[in-house]
file data_28.cif (mmCIF, C-alpha atoms (C1' of nucleotides))
data_model
#
loop_
_atom_site.group_PDB
_atom_site.id
_atom_site.type_symbol
_atom_site.label_atom_id
_atom_site.label_comp_id
_atom_site.auth_asym_id
_atom_site.auth_seq_id
_atom_site.Cartn_x
_atom_site.Cartn_y
_atom_site.Cartn_z
ATOM 1 C CA MET A 1 -40.677 -3.640 -20.186
ATOM 2 C CA ASN A 2 -38.701 -6.020 -17.976
ATOM 3 C CA ILE A 3 -35.280 -5.280 -16.592
ATOM 4 C CA GLY A 4 -33.544 -7.404 -19.217
ATOM 5 C CA ALA A 5 -34.926 -5.337 -22.061
ATOM 6 C CA ALA A 6 -34.180 -2.105 -20.192
ATOM 7 C CA ALA A 7 -30.626 -3.337 -19.671
ATOM 8 C CA GLU A 8 -30.220 -3.997 -23.360
ATOM 9 C CA ARG A 9 -31.595 -0.618 -24.368
ATOM 10 C CA SER A 10 -29.561 1.335 -21.839
ATOM 11 C CA ASN A 11 -26.425 -0.710 -22.234
ATOM 12 C CA LEU A 12 -26.276 -1.230 -18.488
ATOM 13 C CA PRO A 13 -26.121 -4.545 -16.598
ATOM 14 C CA ALA A 14 -29.348 -5.522 -14.840
ATOM 15 C CA LYS A 15 -27.424 -5.577 -11.568
ATOM 16 C CA THR A 16 -26.466 -1.965 -12.037
ATOM 17 C CA ILE A 17 -30.016 -0.976 -12.847
ATOM 18 C CA ARG A 18 -31.250 -2.567 -9.640
ATOM 19 C CA TYR A 19 -28.535 -0.707 -7.791
ATOM 20 C CA TYR A 20 -29.670 2.571 -9.336
ATOM 21 C CA GLU A 21 -33.128 1.852 -8.042
ATOM 22 C CA GLU A 22 -31.760 1.112 -4.591
ATOM 23 C CA ILE A 23 -30.148 4.535 -4.504
ATOM 24 C CA ALA A 24 -33.303 6.111 -5.891
ATOM 25 C CA LEU A 25 -32.018 7.205 -9.283
ATOM 26 C CA VAL A 26 -34.579 5.385 -11.400
ATOM 27 C CA THR A 27 -37.723 3.976 -9.825
ATOM 28 C CA PRO A 28 -39.797 1.828 -12.183
ATOM 29 C CA THR A 29 -43.282 0.624 -11.359
ATOM 30 C CA ARG A 30 -43.938 -3.017 -10.557
ATOM 31 C CA ALA A 31 -45.992 -5.470 -12.548
ATOM 32 C CA ALA A 32 -48.508 -7.774 -10.838
ATOM 33 C CA ASN A 33 -45.919 -10.535 -10.616
ATOM 34 C CA GLY A 34 -43.454 -8.289 -8.815
ATOM 35 C CA TYR A 35 -41.223 -7.740 -11.834
ATOM 36 C CA ARG A 36 -39.895 -4.234 -12.406
ATOM 37 C CA ASP A 37 -41.639 -2.502 -15.291
ATOM 38 C CA TYR A 38 -39.618 0.148 -17.114
ATOM 39 C CA SER A 39 -41.270 2.899 -19.135
ATOM 40 C CA ASP A 40 -39.569 4.609 -22.055
ATOM 41 C CA LYS A 41 -38.918 7.515 -19.752
ATOM 42 C CA ASP A 42 -37.180 5.232 -17.282
ATOM 43 C CA VAL A 43 -35.011 3.875 -20.063
ATOM 44 C CA HIS A 44 -34.209 7.433 -21.043
ATOM 45 C CA ARG A 45 -32.958 8.121 -17.541
ATOM 46 C CA LEU A 46 -30.939 4.922 -17.561
ATOM 47 C CA ARG A 47 -29.280 5.965 -20.794
ATOM 48 C CA PHE A 48 -28.630 9.373 -19.331
ATOM 49 C CA LEU A 49 -26.904 7.685 -16.425
ATOM 50 C CA GLN A 50 -24.924 5.351 -18.639
ATOM 51 C CA ARG A 51 -23.698 8.247 -20.719
ATOM 52 C CA SER A 52 -22.914 10.514 -17.762
ATOM 53 C CA ARG A 53 -21.062 7.773 -15.930
ATOM 54 C CA SER A 54 -19.022 6.986 -19.032
ATOM 55 C CA LEU A 55 -17.981 10.631 -19.144
ATOM 56 C CA GLY A 56 -16.612 10.378 -15.644
ATOM 57 C CA PHE A 57 -19.379 11.890 -13.561
ATOM 58 C CA THR A 58 -19.823 10.374 -10.116
ATOM 59 C CA ILE A 59 -23.173 9.042 -9.029
ATOM 60 C CA ASP A 60 -23.804 12.193 -7.020
ATOM 61 C CA GLU A 61 -22.961 14.342 -9.995
ATOM 62 C CA CYS A 62 -25.281 12.248 -12.137
ATOM 63 C CA ARG A 63 -27.960 12.843 -9.579
ATOM 64 C CA ALA A 64 -27.400 16.582 -9.835
ATOM 65 C CA LEU A 65 -27.402 16.432 -13.631
ATOM 66 C CA LEU A 66 -30.624 14.430 -13.651
ATOM 67 C CA SER A 67 -32.141 16.972 -11.339
ATOM 68 C CA LEU A 68 -31.159 19.750 -13.753
ATOM 69 C CA TYR A 69 -32.515 17.645 -16.587
ATOM 70 C CA ASP A 70 -35.842 17.348 -14.780
ATOM 71 C CA ASN A 71 -35.978 21.021 -13.930
ATOM 72 C CA GLU A 72 -37.380 23.025 -16.811
ATOM 73 C CA GLN A 73 -36.432 26.239 -15.041
ATOM 74 C CA ARG A 74 -32.741 25.354 -15.006
ATOM 75 C CA ALA A 75 -30.096 27.724 -16.263
ATOM 76 C CA SER A 76 -27.829 26.146 -18.847
ATOM 77 C CA ALA A 77 -24.994 27.938 -17.061
ATOM 78 C CA ASP A 78 -25.443 25.548 -14.135
ATOM 79 C CA VAL A 79 -25.042 22.539 -16.377
ATOM 80 C CA LYS A 80 -22.046 24.060 -18.085
ATOM 81 C CA ALA A 81 -20.415 24.749 -14.728
ATOM 82 C CA VAL A 82 -20.678 21.078 -13.805
ATOM 83 C CA ALA A 83 -19.117 20.106 -17.127
ATOM 84 C CA LEU A 84 -16.280 22.603 -16.794
ATOM 85 C CA GLU A 85 -15.509 21.447 -13.292
ATOM 86 C CA LYS A 86 -15.351 17.875 -14.541
ATOM 87 C CA ILE A 87 -13.019 18.895 -17.366
ATOM 88 C CA GLY A 88 -10.707 20.363 -14.760
ATOM 89 C CA GLU A 89 -10.751 17.174 -12.735
ATOM 90 C CA VAL A 90 -10.055 15.078 -15.792
ATOM 91 C CA GLU A 91 -7.164 17.329 -16.739
ATOM 92 C CA ARG A 92 -5.662 17.072 -13.264
ATOM 93 C CA LYS A 93 -5.963 13.306 -13.402
ATOM 94 C CA ILE A 94 -4.317 13.199 -16.815
ATOM 95 C CA ALA A 95 -1.447 15.316 -15.562
ATOM 96 C CA GLU A 96 -0.975 13.024 -12.586
ATOM 97 C CA LEU A 97 -0.889 9.955 -14.806
ATOM 98 C CA GLN A 98 1.524 11.597 -17.204
ATOM 99 C CA ALA A 99 3.869 12.356 -14.329
ATOM 100 C CA MET A 100 3.694 8.735 -13.238
ATOM 101 C CA LYS A 101 4.281 7.545 -16.770
ATOM 102 C CA LYS A 102 7.304 9.764 -17.126
ATOM 103 C CA VAL A 103 8.952 8.332 -14.039
ATOM 104 C CA LEU A 104 8.046 4.776 -14.974
ATOM 105 C CA LYS A 105 9.519 5.208 -18.437
ATOM 106 C CA ARG A 106 12.711 6.630 -17.065
ATOM 107 C CA LEU A 107 13.011 3.710 -14.670
ATOM 108 C CA ALA A 108 12.189 1.101 -17.292
ATOM 109 C CA GLU A 109 14.692 2.541 -19.722
ATOM 110 C CA SER A 110 17.400 2.506 -17.105
ATOM 111 C CA CYS A 111 16.917 -1.215 -16.480
ATOM 112 C CA HIS A 112 18.801 -3.579 -18.761
ATOM 113 C CA GLY A 113 16.126 -6.218 -18.228
ATOM 114 C CA ASP A 114 18.069 -9.439 -18.423
ATOM 115 C CA ALA A 115 18.748 -12.387 -16.122
ATOM 116 C CA ARG A 116 20.967 -10.457 -13.736
ATOM 117 C CA PRO A 117 19.490 -9.352 -10.420
ATOM 118 C CA ASP A 118 20.741 -5.767 -10.253
ATOM 119 C CA CYS A 119 17.933 -3.430 -11.135
ATOM 120 C CA PRO A 120 17.741 0.370 -11.060
ATOM 121 C CA ILE A 121 13.965 0.197 -10.758
ATOM 122 C CA LEU A 122 14.150 -1.572 -7.420
ATOM 123 C CA ASP A 123 17.012 0.687 -6.382
ATOM 124 C CA ASP A 124 14.839 3.700 -6.999
ATOM 125 C CA LEU A 125 11.806 2.299 -5.224
ATOM 126 C CA ALA A 126 13.890 1.288 -2.261
ATOM 127 C CA GLY A 127 16.089 4.315 -2.116
ATOM 128 C CA ALA A 128 13.853 7.261 -2.737
ATOM 129 C CA ASP A 129 13.712 9.451 0.322
ATOM 130 C CA PRO A 130 10.154 10.770 0.572
ATOM 131 C CA LEU A 131 11.227 13.690 2.711
ATOM 132 C CA ALA A 132 14.061 14.780 0.444
ATOM 133 C CA MET B 1 11.072 3.262 16.610
ATOM 134 C CA ASN B 2 7.368 3.876 17.189
ATOM 135 C CA ILE B 3 4.791 4.069 14.457
ATOM 136 C CA GLY B 4 4.702 7.868 14.534
ATOM 137 C CA ALA B 5 8.380 8.140 13.694
ATOM 138 C CA ALA B 6 8.057 5.430 11.044
ATOM 139 C CA ALA B 7 5.135 7.341 9.557
ATOM 140 C CA GLU B 8 7.181 10.502 9.369
ATOM 141 C CA ARG B 9 10.160 8.773 7.785
ATOM 142 C CA SER B 10 8.097 6.881 5.235
ATOM 143 C CA ASN B 11 5.675 9.696 4.525
ATOM 144 C CA LEU B 12 2.770 7.366 5.166
ATOM 145 C CA PRO B 13 -0.102 7.861 7.631
ATOM 146 C CA ALA B 14 0.054 5.641 10.717
ATOM 147 C CA LYS B 15 -3.325 4.227 9.741
ATOM 148 C CA THR B 16 -1.921 3.071 6.435
ATOM 149 C CA ILE B 17 1.080 1.492 8.111
ATOM 150 C CA ARG B 18 -1.167 -0.504 10.419
ATOM 151 C CA TYR B 19 -3.165 -1.567 7.406
ATOM 152 C CA TYR B 20 0.004 -2.739 5.676
ATOM 153 C CA GLU B 21 0.740 -4.866 8.701
ATOM 154 C CA GLU B 22 -2.766 -6.289 8.659
ATOM 155 C CA ILE B 23 -2.251 -7.442 5.074
ATOM 156 C CA ALA B 24 1.204 -8.736 5.951
ATOM 157 C CA LEU B 25 3.326 -6.322 3.937
ATOM 158 C CA VAL B 26 5.439 -5.016 6.795
ATOM 159 C CA THR B 27 5.512 -6.832 10.120
ATOM 160 C CA PRO B 28 7.377 -4.955 12.857
ATOM 161 C CA THR B 29 8.260 -6.481 16.194
ATOM 162 C CA ARG B 30 6.477 -5.414 19.357
ATOM 163 C CA ALA B 31 7.962 -3.622 22.334
ATOM 164 C CA ALA B 32 7.208 -4.748 25.894
ATOM 165 C CA ASN B 33 4.372 -2.250 26.142
ATOM 166 C CA GLY B 34 2.676 -3.595 23.024
ATOM 167 C CA TYR B 35 3.779 -0.733 20.785
ATOM 168 C CA ARG B 36 4.938 -1.584 17.287
ATOM 169 C CA ASP B 37 8.698 -1.275 16.938
ATOM 170 C CA TYR B 38 9.992 -0.459 13.449
ATOM 171 C CA SER B 39 13.530 -1.245 12.380
ATOM 172 C CA ASP B 40 15.366 0.685 9.694
ATOM 173 C CA LYS B 41 14.656 -2.207 7.377
ATOM 174 C CA ASP B 42 10.945 -1.929 8.092
ATOM 175 C CA VAL B 43 11.062 1.764 7.303
ATOM 176 C CA HIS B 44 12.838 0.915 4.086
ATOM 177 C CA ARG B 45 9.989 -1.359 3.093
ATOM 178 C CA LEU B 46 7.469 1.292 4.026
ATOM 179 C CA ARG B 47 9.233 3.792 1.812
ATOM 180 C CA PHE B 48 9.330 1.236 -0.951
ATOM 181 C CA LEU B 49 5.584 0.865 -0.610
ATOM 182 C CA GLN B 50 4.984 4.589 -0.502
ATOM 183 C CA ARG B 51 6.995 5.091 -3.639
ATOM 184 C CA SER B 52 5.482 2.145 -5.511
ATOM 185 C CA ARG B 53 1.948 3.148 -4.616
ATOM 186 C CA SER B 54 2.590 6.715 -5.751
ATOM 187 C CA LEU B 55 3.678 5.334 -9.122
ATOM 188 C CA GLY B 56 0.356 3.613 -9.534
ATOM 189 C CA PHE B 57 1.142 0.053 -8.515
ATOM 190 C CA THR B 58 -1.667 -1.759 -6.753
ATOM 191 C CA ILE B 59 -1.122 -3.383 -3.397
ATOM 192 C CA ASP B 60 -0.770 -6.770 -5.040
ATOM 193 C CA GLU B 61 1.767 -5.414 -7.485
ATOM 194 C CA CYS B 62 3.664 -3.863 -4.595
ATOM 195 C CA ARG B 63 3.667 -7.239 -2.939
ATOM 196 C CA ALA B 64 5.155 -8.784 -6.063
ATOM 197 C CA LEU B 65 7.747 -6.009 -6.329
ATOM 198 C CA LEU B 66 8.718 -6.413 -2.685
ATOM 199 C CA SER B 67 9.081 -10.104 -3.262
ATOM 200 C CA LEU B 68 11.421 -9.423 -6.190
ATOM 201 C CA TYR B 69 13.239 -6.908 -4.019
ATOM 202 C CA ASP B 70 13.732 -9.563 -1.354
ATOM 203 C CA ASN B 71 14.832 -12.194 -3.828
ATOM 204 C CA GLU B 72 18.512 -11.862 -4.614
ATOM 205 C CA GLN B 73 18.148 -14.413 -7.415
ATOM 206 C CA ARG B 74 15.646 -12.240 -9.301
ATOM 207 C CA ALA B 75 16.069 -11.386 -12.944
ATOM 208 C CA SER B 76 15.885 -7.661 -13.595
ATOM 209 C CA ALA B 77 13.812 -8.587 -16.656
ATOM 210 C CA ASP B 78 10.997 -9.599 -14.326
ATOM 211 C CA VAL B 79 11.000 -6.228 -12.643
ATOM 212 C CA LYS B 80 11.144 -4.438 -15.964
ATOM 213 C CA ALA B 81 8.191 -6.474 -17.217
ATOM 214 C CA VAL B 82 6.097 -5.281 -14.283
ATOM 215 C CA ALA B 83 7.071 -1.692 -14.994
ATOM 216 C CA LEU B 84 6.333 -1.964 -18.704
ATOM 217 C CA GLU B 85 2.946 -3.495 -18.041
ATOM 218 C CA LYS B 86 2.154 -0.617 -15.699
ATOM 219 C CA ILE B 87 3.229 1.912 -18.310
ATOM 220 C CA GLY B 88 0.771 0.292 -20.694
ATOM 221 C CA GLU B 89 -2.016 0.541 -18.151
ATOM 222 C CA VAL B 90 -1.233 4.152 -17.431
ATOM 223 C CA GLU B 91 -1.229 4.932 -21.135
ATOM 224 C CA ARG B 92 -4.586 3.261 -21.619
ATOM 225 C CA LYS B 93 -5.991 5.209 -18.715
ATOM 226 C CA ILE B 94 -4.633 8.467 -20.113
ATOM 227 C CA ALA B 95 -6.183 7.720 -23.495
ATOM 228 C CA GLU B 96 -9.514 7.010 -21.859
ATOM 229 C CA LEU B 97 -9.422 10.263 -19.927
ATOM 230 C CA GLN B 98 -8.415 12.204 -23.019
ATOM 231 C CA ALA B 99 -11.380 10.769 -24.881
ATOM 232 C CA MET B 100 -13.661 11.823 -22.050
ATOM 233 C CA LYS B 101 -12.123 15.254 -21.963
ATOM 234 C CA LYS B 102 -12.594 15.681 -25.688
ATOM 235 C CA VAL B 103 -16.298 14.935 -25.476
ATOM 236 C CA LEU B 104 -16.748 17.098 -22.396
ATOM 237 C CA LYS B 105 -15.024 20.012 -24.085
ATOM 238 C CA ARG B 106 -17.141 19.679 -27.180
ATOM 239 C CA LEU B 107 -20.267 19.622 -25.058
ATOM 240 C CA ALA B 108 -19.192 22.548 -22.891
ATOM 241 C CA GLU B 109 -18.301 24.638 -25.905
ATOM 242 C CA SER B 110 -21.647 23.965 -27.503
ATOM 243 C CA CYS B 111 -23.501 25.261 -24.448
ATOM 244 C CA HIS B 112 -24.119 28.988 -24.283
ATOM 245 C CA GLY B 113 -24.145 28.826 -20.511
ATOM 246 C CA ASP B 114 -26.604 31.537 -19.567
ATOM 247 C CA ALA B 115 -29.903 31.745 -17.712
ATOM 248 C CA ARG B 116 -31.912 29.963 -20.397
ATOM 249 C CA PRO B 117 -32.830 26.332 -19.836
ATOM 250 C CA ASP B 118 -32.011 24.846 -23.221
ATOM 251 C CA CYS B 119 -28.730 23.011 -23.031
ATOM 252 C CA PRO B 120 -26.937 20.867 -25.606
ATOM 253 C CA ILE B 121 -25.071 19.077 -22.819
ATOM 254 C CA LEU B 122 -28.265 17.678 -21.349
ATOM 255 C CA ASP B 123 -29.563 16.979 -24.835
ATOM 256 C CA ASP B 124 -26.526 14.880 -25.531
ATOM 257 C CA LEU B 125 -26.658 13.000 -22.244
ATOM 258 C CA ALA B 126 -30.329 12.306 -22.682
ATOM 259 C CA GLY B 127 -30.277 11.561 -26.353
ATOM 260 C CA ALA B 128 -27.213 9.459 -26.919
ATOM 261 C CA ASP B 129 -28.176 6.008 -28.077
ATOM 262 C CA PRO B 130 -25.710 3.578 -26.497
ATOM 263 C CA LEU B 131 -26.393 0.940 -29.123
ATOM 264 C CA ALA B 132 -25.958 3.266 -32.074
ATOM 265 C "C1'" DG C 1 -45.384 -30.797 -17.839
ATOM 266 C "C1'" DT C 2 -40.881 -29.735 -17.835
ATOM 267 C "C1'" DG C 3 -36.693 -27.321 -18.707
ATOM 268 C "C1'" DA C 4 -34.580 -23.024 -19.869
ATOM 269 C "C1'" DA C 5 -34.572 -18.393 -19.367
ATOM 270 C "C1'" DC C 6 -36.019 -14.890 -16.915
ATOM 271 C "C1'" DC C 7 -37.092 -12.414 -12.566
ATOM 272 C "C1'" DA C 8 -36.927 -11.495 -7.307
ATOM 273 C "C1'" DT C 9 -34.377 -10.592 -2.659
ATOM 274 C "C1'" DC C 10 -30.541 -10.777 0.300
ATOM 275 C "C1'" DC C 11 -25.853 -11.149 1.724
ATOM 276 C "C1'" DA C 12 -21.010 -10.784 0.980
ATOM 277 C "C1'" DG C 13 -16.972 -8.889 -1.089
ATOM 278 C "C1'" DC C 14 -13.907 -5.948 -3.817
ATOM 279 C "C1'" DT C 15 -9.745 -1.455 -3.219
ATOM 280 C "C1'" DA C 16 -7.127 0.867 -0.035
ATOM 281 C "C1'" DC C 17 -7.642 2.920 3.259
ATOM 282 C "C1'" DG C 18 -9.910 6.956 6.826
ATOM 283 C "C1'" DG C 19 -12.738 8.299 10.986
ATOM 284 C "C1'" DG C 20 -13.738 7.819 15.433
ATOM 285 C "C1'" DA C 21 -14.594 5.522 19.931
ATOM 286 C "C1'" DA C 22 -12.733 3.463 24.112
ATOM 287 C "C1'" DG C 23 -8.910 2.779 26.563
ATOM 288 C "C1'" DG C 24 -3.615 1.868 27.826
ATOM 289 C "C1'" DT C 25 1.313 4.289 28.160
ATOM 290 C "C1'" DC C 26 4.791 7.604 28.662
ATOM 291 C "C1'" DA C 27 7.292 11.921 29.627
ATOM 292 C "C1'" DA C 28 7.174 16.661 31.296
ATOM 293 C "C1'" DG C 29 5.950 19.956 34.574
ATOM 294 C "C1'" DC C 30 4.228 21.332 39.145
ATOM 295 C "C1'" DG D 1 2.782 12.061 43.314
ATOM 296 C "C1'" DC D 2 -0.413 13.834 40.129
ATOM 297 C "C1'" DT D 3 -2.066 15.730 36.143
ATOM 298 C "C1'" DT D 4 -2.031 16.710 31.365
ATOM 299 C "C1'" DG D 5 -1.331 15.881 26.762
ATOM 300 C "C1'" DA D 6 0.713 13.355 23.229
ATOM 301 C "C1'" DC D 7 1.285 9.109 22.002
ATOM 302 C "C1'" DC D 8 -0.111 4.260 21.305
ATOM 303 C "C1'" DT D 9 -3.529 0.114 21.111
ATOM 304 C "C1'" DT D 10 -7.741 -2.516 19.120
ATOM 305 C "C1'" DC D 11 -12.183 -2.600 17.023
ATOM 306 C "C1'" DC D 12 -15.790 -1.465 14.077
ATOM 307 C "C1'" DC D 13 -18.024 1.243 10.519
ATOM 308 C "C1'" DG D 14 -17.983 3.782 6.166
ATOM 309 C "C1'" DT D 15 -16.462 5.090 1.554
ATOM 310 C "C1'" DA D 16 -17.800 4.240 -4.448
ATOM 311 C "C1'" DG D 17 -19.968 1.664 -7.444
ATOM 312 C "C1'" DC D 18 -20.919 -1.899 -8.301
ATOM 313 C "C1'" DT D 19 -20.357 -7.574 -8.952
ATOM 314 C "C1'" DG D 20 -21.014 -12.486 -7.700
ATOM 315 C "C1'" DG D 21 -23.563 -15.931 -5.784
ATOM 316 C "C1'" DA D 22 -27.225 -18.365 -3.196
ATOM 317 C "C1'" DT D 23 -32.001 -19.368 -3.104
ATOM 318 C "C1'" DG D 24 -36.299 -19.344 -4.908
ATOM 319 C "C1'" DG D 25 -40.551 -17.614 -7.824
ATOM 320 C "C1'" DT D 26 -42.463 -16.833 -12.963
ATOM 321 C "C1'" DT D 27 -43.068 -17.403 -17.706
ATOM 322 C "C1'" DC D 28 -42.863 -19.405 -22.089
ATOM 323 C "C1'" DA D 29 -41.838 -22.714 -25.702
ATOM 324 C "C1'" DC D 30 -41.979 -27.325 -26.822
#
call {"tool": "encode", "arguments": {"input": "data_28.cif", "output": "structure tokens"}}
result
Amino acid sequence: MNIGAAAERSNLPAKTIRYYEEIALVTPTRAANGYRDYSDKDVHRLRFLQRSRSLGFTIDECRALLSLYDNEQRASADVKAVALEKIGEVERKIAELQAMKKVLKRLAESCHGDARPDCPILDDLAGADPLA
Amino acid sequence: MNIGAAAERSNLPAKTIRYYEEIALVTPTRAANGYRDYSDKDVHRLRFLQRSRSLGFTIDECRALLSLYDNEQRASADVKAVALEKIGEVERKIAELQAMKKVLKRLAESCHGDARPDCPILDDLAGADPLA
DNA sequence: GTGAACCATCCAGCTACGGGAAGGTCAAGC
DNA sequence: GCTTGACCTTCCCGTAGCTGGATGGTTCAC
């Protein structure tokens, strides 16, 4: 099948699929006219990538996961370790964002938000001493 | 003061400070020897940038905030609007990460994680139909 | 046969810097 | 006066993961 159909079935833009080929993640055959020809297996890999990426795995991690997927001798513990590591990363990122949100909310609440120029938000941004 | 001292006082790497000059955020004068010479006001702007960036504002948003900071006719409502919009973004990002985390946890918990190859995590990644 | 919809390659750009090379400057110590 | 080391300068490349656009070939329906 052509790239357009593969895009539709994997829910990935054609541009992205070509990029994945460039970095050797999915390598379809070529038809006589030069068009990429995707097998069902290729589409499977594309879906795998779409799903993994949407769960926050980097391209390199997706590569590792695909390699585990291809390896019938894999230990499920190896896959689980990758997932657990990612959970940790996601949790750290959430914590970081929550800290930011907390400060932003405090600042926003302290600002009367009218036509006057005085603003505690700007005061904070300008005045915070990073070494304090 | 030289860039090293400015870096220390703003808690920003010298590389970043040069970059900020390149994109016209902070433009120090030059000493006779060609070295950048930062005034206290420059350092103030650098700190402002450091703080804003750490709260999640993009460079363009920082530029807008600095412009409000410079404008004595500003309305604090404009600053507050920027902050509220950012809070919304941060909240959306947190929600997205929490959704990812939820799925990852479910997958990790479903995987026995031993030496055997069968793995519900890979099954999910491979089998999820993005159009379903 | 012709126009739209598809496909191809290649090049450039995005964010927000960081690394590293090649070389100029300055202050301390001998 | 000379060296040494810590600074400073510019310049160019690389990162992640694509996306947009230019230019041109292919296919299919009408």
call {"tool": "atom_distance", "arguments": {"input": "data_28.cif", "atom1": "atom CA of Ala115 of chain B", "atom2": "atom CA of Ser67 of chain A"}}
result
16.2 Å
call {"tool": "atom_distance", "arguments": {"input": "data_28.cif", "atom1": "atom CA of His44 of chain B", "atom2": "atom CA of Ser110 of chain A"}}
result
21.7 Å
call {"tool": "resolve_selection", "arguments": {"input": "data_28.cif", "expression": "the PyMOL selection byres ((chain C) within 8 of (chain B))", "output": "JSON, numbers by chain"}}
result
{"C": [17, 18, 25]}
call {"tool": "residues_near_point", "arguments": {"input": "data_28.cif", "point": "(1.9, 1.2, 23.4)", "cutoff": "10 Å", "atoms": "all atoms listed in the file", "output": "PDB file with C-alpha atoms (C1' of nucleotides), in the frame of the given file"}}
result
ATOM      1  CA  ASN B   2       7.368   3.876  17.189  1.00  0.00           C
ATOM      2  CA  ILE B   3       4.791   4.069  14.457  1.00  0.00           C
ATOM      3  CA  ARG B  30       6.477  -5.414  19.357  1.00  0.00           C
ATOM      4  CA  ALA B  31       7.962  -3.622  22.334  1.00  0.00           C
ATOM      5  CA  ALA B  32       7.208  -4.748  25.894  1.00  0.00           C
ATOM      6  CA  ASN B  33       4.372  -2.250  26.142  1.00  0.00           C
ATOM      7  CA  GLY B  34       2.676  -3.595  23.024  1.00  0.00           C
ATOM      8  CA  TYR B  35       3.779  -0.733  20.785  1.00  0.00           C
ATOM      9  CA  ARG B  36       4.938  -1.584  17.287  1.00  0.00           C
ATOM     10  CA  ASP B  37       8.698  -1.275  16.938  1.00  0.00           C
TER      11      ASP B  37
ATOM     12  C1'  DG C  24      -3.615   1.868  27.826  1.00  0.00           C
ATOM     13  C1'  DT C  25       1.313   4.289  28.160  1.00  0.00           C
ATOM     14  C1'  DC C  26       4.791   7.604  28.662  1.00  0.00           C
TER      15       DC C  26
ATOM     16  C1'  DC D   7       1.285   9.109  22.002  1.00  0.00           C
ATOM     17  C1'  DC D   8      -0.111   4.260  21.305  1.00  0.00           C
ATOM     18  C1'  DT D   9      -3.529   0.114  21.111  1.00  0.00           C
TER      19       DT D   9
END
call {"tool": "residues_around", "arguments": {"input": "data_28.cif", "residues": "DG21 of chain D", "least_positions_apart": "5", "cutoff": "12 Å", "atoms": "only C-alpha atoms (C1' of nucleotides)", "output": "list in words"}}
result
DC10, DC11, DA12 and DG13 of chain C
call {"tool": "write_last_selection", "arguments": {"input": "data_28.cif", "atoms": "C-alpha atoms (C1' of nucleotides)", "output": "short mmCIF file (atom, residue, chain, number, x, y, z; two decimals), in the coordinates of the input"}}
result
data_model
loop_
_atom_site.label_atom_id
_atom_site.label_comp_id
_atom_site.auth_asym_id
_atom_site.auth_seq_id
_atom_site.Cartn_x
_atom_site.Cartn_y
_atom_site.Cartn_z
"C1'" DC C 10 -30.54 -10.78 0.30
"C1'" DC C 11 -25.85 -11.15 1.72
"C1'" DA C 12 -21.01 -10.78 0.98
"C1'" DG C 13 -16.97 -8.89 -1.09
#
call {"tool": "interface_residues", "arguments": {"input": "data_28.cif", "of": "chain D", "to": "chain A", "cutoff": "12 Å", "atoms": "all atoms listed in the file", "output": "ChimeraX atom specification"}}
result
/D:16-20,25-27
call {"tool": "closest_atom_pairs", "arguments": {"input": "data_28.cif", "of": "chain A", "to": "chain B", "cutoff": "7 Å", "atoms": "all atoms listed in the file", "output": "CSV"}}
result
residue,atom,partner,partner_atom,distance
A:Ser10,CA,B:Pro130,CA,6.4
A:Asn11,CA,B:Pro130,CA,6.1
A:His44,CA,B:Ala126,CA,6.4
A:Arg47,CA,B:Ala126,CA,6.7
A:Phe48,CA,B:Ala126,CA,4.8
A:Arg51,CA,B:Leu125,CA,5.8
A:Ser52,CA,B:Leu125,CA,6.3
A:Leu55,CA,B:Met100,CA,5.3
A:Tyr69,CA,B:Leu122,CA,6.4
A:Glu72,CA,B:Pro117,CA,6.4
A:Gln73,CA,B:Pro117,CA,6.0
A:Arg74,CA,B:Pro117,CA,4.9
A:Ala75,CA,B:Ala115,CA,4.3
A:Ser76,CA,B:Gly113,CA,4.9
A:Ala77,CA,B:Gly113,CA,3.7
A:Lys80,CA,B:Gly113,CA,5.7
A:Ala83,CA,B:Ala108,CA,6.3
A:Leu84,CA,B:Ala108,CA,6.8
A:Ile87,CA,B:Lys101,CA,5.9
A:Val90,CA,B:Leu97,CA,6.4
A:Ile94,CA,B:Ile94,CA,5.8
A:Leu97,CA,B:Val90,CA,6.4
A:Met100,CA,B:Leu55,CA,5.3
A:Lys101,CA,B:Ile87,CA,5.9
A:Leu104,CA,B:Ile87,CA,6.5
A:Ala108,CA,B:Lys80,CA,5.8
A:Cys111,CA,B:Lys80,CA,6.6
A:Gly113,CA,B:Ala77,CA,3.7
A:Asp114,CA,B:Ala77,CA,4.7
A:Ala115,CA,B:Ala75,CA,4.3
A:Arg116,CA,B:Ala75,CA,5.0
A:Pro117,CA,B:Ala75,CA,4.7
A:Asp118,CA,B:Ser76,CA,6.2
A:Cys119,CA,B:Ser76,CA,5.3
A:Leu122,CA,B:Tyr69,CA,6.4
A:Leu125,CA,B:Phe48,CA,5.1
A:Ala126,CA,B:Phe48,CA,4.7
A:Pro130,CA,B:Asn11,CA,6.1
call {"tool": "atom_distance", "arguments": {"input": "data_28.cif", "atom1": "atom CA of Asp40 of chain A", "atom2": "atom CA of Gly4 of chain A"}}
result
13.7 Å
call {"tool": "resolve_selection", "arguments": {"input": "data_28.cif", "expression": "the PyMOL selection byres ((chain C and resi 20) around 12)", "output": "PyMOL selection string"}}
result
(chain C and resi 18-19+21-22) or (chain D and resi 11-14)
call {"tool": "axis_aligned_box", "arguments": {"input": "data_28.cif", "around": "segment 4-9 of chain D", "padding_each_side": "4 Å", "output": "JSON"}}
result
{"center_x": -1.1, "center_y": 8.4, "center_z": 26.2, "size_x": 12.8, "size_y": 24.6, "size_z": 18.3}
call {"tool": "resolve_selection", "arguments": {"input": "data_28.cif", "expression": "the PyMOL selection byres ((chain C and resi 30) around 9)", "output": "PyMOL selection string"}}
result
(chain C and resi 29) or (chain D and resi 2-3)
call {"tool": "closest_residue", "arguments": {"input": "data_28.cif", "among": "A:Ala14, A:Ala6, A:Met1, A:Ile23", "to": "Arg63 of chain A", "atoms": "only C-alpha atoms"}}
result
A:Ile23
